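Novice: My questions will all concern the structure given below.
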Amino acid sequence: MQIFDRKLKKYFPNYILQSLLATIALTIILYFENIFTNTAVVASLGATTFIIFAMPKYTTAQPRRVIGGHIIGIIAGVFCFYIASLAQNRESFFLTQNILKIFIPSLSVGLSIFVMVITNTEHPPAAGTALGITIQGWTYPTMLVILTTILLLSLFKYLLKAWLKDLV
């Protein structure tokens, strides 16, 4: 059984550099985010940061997928949030409030996956964005933070591409 990655010896400086760059980039972004909002989608943005800095050459790290995926996640999350709001006071035999609290957030993930796959904007953390928005709700500052974060992370990846290697 091997504990450490086989590429560790060859790319050790990249492991250190890219982990530090991810830390610095997200620190800067989260500093400004705390001014605007405190949101459940921070976890999905952290996962996006991992993909960009640990797997920069992977398909899911492409700007089209990062930006497009999160935009789809936002749209699916807001859509399902409003479905949940409309269904809140309506209960039927099959759709009790407990089932709705479970089903609608699940629907946001399934819907975001479906739309990402058919538009070639697959970015797994964006499904977390949809889930967070559906559960927590949304505000314009939250949307601004998500969009700013994904744009900045994509810009950092572009500017640092000569130094970034796939570590996975």
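Please note that chains go A, B, ... in the order of the structure tokens, that every chain numbers its residues from 1, and that ligands are numbered from 1 in the order shown.
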Please, which residues of stretch 41-151 of chain A, numbered as in this document, come out alpha helix (DSSP H) from DSSP, as a ChimeraX atom specification?
Specialist: /A:42-54,63-87,97-118,125-136,140-151
Novice: Please provide as a list in words all residues within 9 Å of A:Leu8, with the sequence filter that same-chain residues fewer than 6 positions apart are discarded (counting only C-alpha atoms).
Specialist: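 The contact residues come out as Asn14, Tyr15 and Leu167 of chain A.
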Novice: Tell me, as a list in words, which residues lie within 12 Å of A:Ser85, counting only C-alpha atoms; anything in the same chain fewer than 3 positions away does not count.
Specialist: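 The neighbour list is Val78, Phe79, Cys80, Phe81, Tyr82, Gln88, Asn89, Arg90, Gln97, Leu100, Lys101, Ile104, Pro105, Thr134, Ile135, Gln136 and Gly137 of chain A.
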Novice: Atoms to include: N, CA and C atoms. Write the selected residues as an mmCIF file, in the first residue's frame.
Specialist:
```cif
data_model
loop_
_atom_site.group_PDB
_atom_site.id
_atom_site.type_symbol
_atom_site.label_atom_id
_atom_site.label_comp_id
_atom_site.auth_asym_id
_atom_site.auth_seq_id
_atom_site.Cartn_x
_atom_site.Cartn_y
_atom_site.Cartn_z
ATOM 1 N N VAL A 78 -32.181 28.726 -7.345
ATOM 2 C CA VAL A 78 -33.221 29.755 -7.202
ATOM 3 C C VAL A 78 -34.579 29.203 -7.646
ATOM 4 N N PHE A 79 -34.589 28.474 -8.753
ATOM 5 C CA PHE A 79 -35.829 27.874 -9.250
ATOM 6 C C PHE A 79 -36.440 26.948 -8.193
ATOM 7 N N CYS A 80 -35.629 26.081 -7.637
ATOM 8 C CA CYS A 80 -36.142 25.131 -6.640
ATOM 9 C C CYS A 80 -36.479 25.819 -5.321
ATOM 10 N N PHE A 81 -35.770 26.882 -4.994
ATOM 11 C CA PHE A 81 -36.120 27.658 -3.803
ATOM 12 C C PHE A 81 -37.535 28.214 -3.935
ATOM 13 N N TYR A 82 -37.863 28.718 -5.132
ATOM 14 C CA TYR A 82 -39.206 29.256 -5.347
ATOM 15 C C TYR A 82 -40.258 28.148 -5.396
ATOM 16 N N GLN A 88 -44.842 25.423 0.136
ATOM 17 C CA GLN A 88 -44.744 25.447 1.594
ATOM 18 C C GLN A 88 -46.086 25.285 2.296
ATOM 19 N N ASN A 89 -47.114 25.904 1.802
ATOM 20 C CA ASN A 89 -48.410 25.842 2.456
ATOM 21 C C ASN A 89 -49.379 24.875 1.783
ATOM 22 N N ARG A 90 -48.884 24.164 0.804
ATOM 23 C CA ARG A 90 -49.740 23.217 0.087
ATOM 24 C C ARG A 90 -49.252 21.810 0.379
ATOM 25 N N GLN A 97 -44.989 18.036 4.035
ATOM 26 C CA GLN A 97 -43.920 19.031 4.205
ATOM 27 C C GLN A 97 -42.559 18.363 4.393
ATOM 28 N N LEU A 100 -41.355 17.249 1.018
ATOM 29 C CA LEU A 100 -40.950 18.411 0.219
ATOM 30 C C LEU A 100 -39.593 18.954 0.662
ATOM 31 N N LYS A 101 -39.338 18.957 1.970
ATOM 32 C CA LYS A 101 -38.055 19.455 2.487
ATOM 33 C C LYS A 101 -36.892 18.591 2.026
ATOM 34 N N ILE A 104 -37.269 18.642 -2.736
ATOM 35 C CA ILE A 104 -36.957 19.844 -3.525
ATOM 36 C C ILE A 104 -35.450 20.152 -3.527
ATOM 37 N N PRO A 105 -34.753 20.092 -2.401
ATOM 38 C CA PRO A 105 -33.296 20.260 -2.491
ATOM 39 C C PRO A 105 -32.628 19.179 -3.350
ATOM 40 N N THR A 134 -30.963 26.406 -2.567
ATOM 41 C CA THR A 134 -32.309 25.886 -2.327
ATOM 42 C C THR A 134 -32.594 25.799 -0.836
ATOM 43 N N ILE A 135 -31.635 25.350 -0.065
ATOM 44 C CA ILE A 135 -31.843 25.169 1.370
ATOM 45 C C ILE A 135 -31.801 26.505 2.117
ATOM 46 N N GLN A 136 -30.815 27.326 1.804
ATOM 47 C CA GLN A 136 -30.598 28.561 2.552
ATOM 48 C C GLN A 136 -31.386 29.736 2.026
ATOM 49 N N GLY A 137 -31.689 29.730 0.749
ATOM 50 C CA GLY A 137 -32.303 30.897 0.131
ATOM 51 C C GLY A 137 -31.232 31.704 -0.580
#
```
Novice: For a quick check of understanding, using only C-alpha atoms, which of A:Ala47, A:Ala84, A:Val41, A:Val109 has the smallest distance to A:Gly132?
Specialist: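 Using only C-alpha atoms, A:Gly132 sits closest to A:Val41.
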Novice: Counting only C-alpha atoms, figure out which residue out of A:Thr121, A:Thr129, A:Thr148, A:Ser154 gets nearest to A:Thr59.
Specialist: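 Looking at the shortest contact to A:Thr59, the residue is A:Thr121.
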Novice: Just to confirm, what's the straight-line distance from atom CA of A:Ser108 to atom CA of A:Val145 in Å (one decimal)?
Specialist: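 Calculated distance between atom CA of A:Ser108 and atom CA of A:Val145 is 19.8 Å.
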Novice: For A:Asp5, work out the shell of residues within 12 Å, counting only C-alpha atoms and skipping chain neighbours fewer than 4 positions away, then give it as a list in words.
Specialist: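 So, after excluding close chain neighbours, the residues are Met1, Lys9, Lys10, Tyr11, Phe12, Tyr15, Asp166, Leu167 and Val168 of chain A.
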Novice: Would you pick out the contacts of A:Val117 at 12 Å or less, using only C-alpha atoms, so that residues sharing its chain but fewer than 4 positions from it are not included, and give the list as a list in words?
Specialist: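 Those residues are Thr60, Arg65, Gly68, Gly69, Ile72, Gly110, Leu111, Ser112, Ile113, Thr121, Glu122, His123, Pro124, Ala126 and Ala127 of chain A.
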Novice: Might you pull out every residue within 8 Å of stretch 19-24 of chain A, with only C-alpha atoms counted and same-chain residues fewer than 3 positions away left off, and present them as a CSV table (one decimal) with all heavy atoms, in the first residue's frame?
Specialist:
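Contents of the output file out24.csv:
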```
chain,number,residue,atom,x,y,z
A,15,TYR,N,3.3,21.0,-5.4
A,15,TYR,CA,2.4,20.6,-4.4
A,15,TYR,C,2.3,21.8,-3.3
A,15,TYR,O,1.3,22.2,-2.9
A,15,TYR,CB,2.8,19.4,-3.7
A,15,TYR,CG,2.4,18.1,-4.4
A,15,TYR,CD1,3.1,17.7,-5.6
A,15,TYR,CD2,1.4,17.3,-3.9
A,15,TYR,CE1,2.7,16.6,-6.2
A,15,TYR,CE2,1.0,16.1,-4.6
A,15,TYR,CZ,1.7,15.8,-5.8
A,15,TYR,OH,1.4,14.6,-6.4
A,16,ILE,N,3.5,22.3,-3.0
A,16,ILE,CA,3.6,23.4,-2.0
A,16,ILE,C,3.0,24.6,-2.6
A,16,ILE,O,2.1,25.3,-2.0
A,16,ILE,CB,5.0,23.6,-1.5
A,16,ILE,CG1,5.6,22.3,-0.8
A,16,ILE,CG2,5.1,24.8,-0.6
A,16,ILE,CD1,4.9,21.9,0.4
A,27,THR,N,-8.4,33.0,0.5
A,27,THR,CA,-8.4,33.9,1.6
A,27,THR,C,-8.8,35.3,1.2
A,27,THR,O,-9.7,36.0,1.8
A,27,THR,CB,-7.0,34.0,2.3
A,27,THR,OG1,-6.6,32.7,2.8
A,27,THR,CG2,-6.9,35.0,3.4
A,28,ILE,N,-8.3,35.7,0.1
A,28,ILE,CA,-8.6,37.1,-0.5
A,28,ILE,C,-10.1,37.1,-0.8
A,28,ILE,O,-10.8,38.0,-0.4
A,28,ILE,CB,-7.8,37.4,-1.7
A,28,ILE,CG1,-6.3,37.6,-1.3
A,28,ILE,CG2,-8.3,38.6,-2.4
A,28,ILE,CD1,-5.4,37.6,-2.5
A,49,THR,N,-12.2,25.6,-5.8
A,49,THR,CA,-10.8,26.0,-5.6
A,49,THR,C,-9.9,24.8,-5.7
A,49,THR,O,-8.8,24.8,-6.3
A,49,THR,CB,-10.6,26.7,-4.3
A,49,THR,OG1,-11.5,27.8,-4.2
A,49,THR,CG2,-9.2,27.2,-4.1
A,50,PHE,N,-10.3,23.7,-5.1
A,50,PHE,CA,-9.5,22.4,-5.1
A,50,PHE,C,-9.3,22.0,-6.6
A,50,PHE,O,-8.2,21.7,-7.0
A,50,PHE,CB,-10.2,21.3,-4.3
A,50,PHE,CG,-9.5,20.0,-4.5
A,50,PHE,CD1,-8.4,19.7,-3.7
A,50,PHE,CD2,-9.9,19.1,-5.5
A,50,PHE,CE1,-7.7,18.5,-3.9
A,50,PHE,CE2,-9.2,17.9,-5.6
A,50,PHE,CZ,-8.1,17.6,-4.8
A,53,PHE,N,-6.9,24.4,-8.5
A,53,PHE,CA,-5.5,24.4,-8.1
A,53,PHE,C,-4.8,23.0,-8.0
A,53,PHE,O,-3.6,22.9,-8.1
A,53,PHE,CB,-5.3,25.2,-6.8
A,53,PHE,CG,-5.4,26.6,-7.0
A,53,PHE,CD1,-6.6,27.3,-6.8
A,53,PHE,CD2,-4.3,27.4,-7.4
A,53,PHE,CE1,-6.7,28.7,-7.0
A,53,PHE,CE2,-4.4,28.8,-7.6
A,53,PHE,CZ,-5.6,29.4,-7.4
A,54,ALA,N,-5.6,22.0,-7.9
A,54,ALA,CA,-5.0,20.6,-7.8
A,54,ALA,C,-5.1,19.9,-9.1
A,54,ALA,O,-4.4,19.0,-9.4
A,54,ALA,CB,-5.7,19.8,-6.7
```
Novice: Please determine, counting only C-alpha atoms, which residue among A:Ala162, A:Ala76, A:Ala87, A:Ile150 has the shortest atom-to-atom distance to A:Thr48.
Specialist: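 Residue with the minimum atom-to-atom distance to A:Thr48: A:Ile150.
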Novice: Check the smallest atom-to-atom distance from each of A:Arg6, A:His70, A:Lys57, A:Arg64 to A:Ile133 using only C-alpha atoms, then report the winner.
Specialist: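 Nearest candidate to A:Ile133 out of A:Arg6, A:His70, A:Lys57, A:Arg64: A:His70.
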Novice: Let me make sure I understand: among A:Pro13, A:Pro125, A:Gly46, A:Pro141, which one has the smallest atom-to-atom distance to A:Val66 if we use only C-alpha atoms?
Specialist: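 Comparing A:Pro13, A:Pro125, A:Gly46, A:Pro141 against A:Val66, the winner is A:Pro125.
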Novice: Closest to A:Ile75 among A:Trp138, A:Ile102, A:Ala25, A:Ser44, using only C-alpha atoms?
Specialist: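 Smallest separation from A:Ile75 among the options: A:Trp138.
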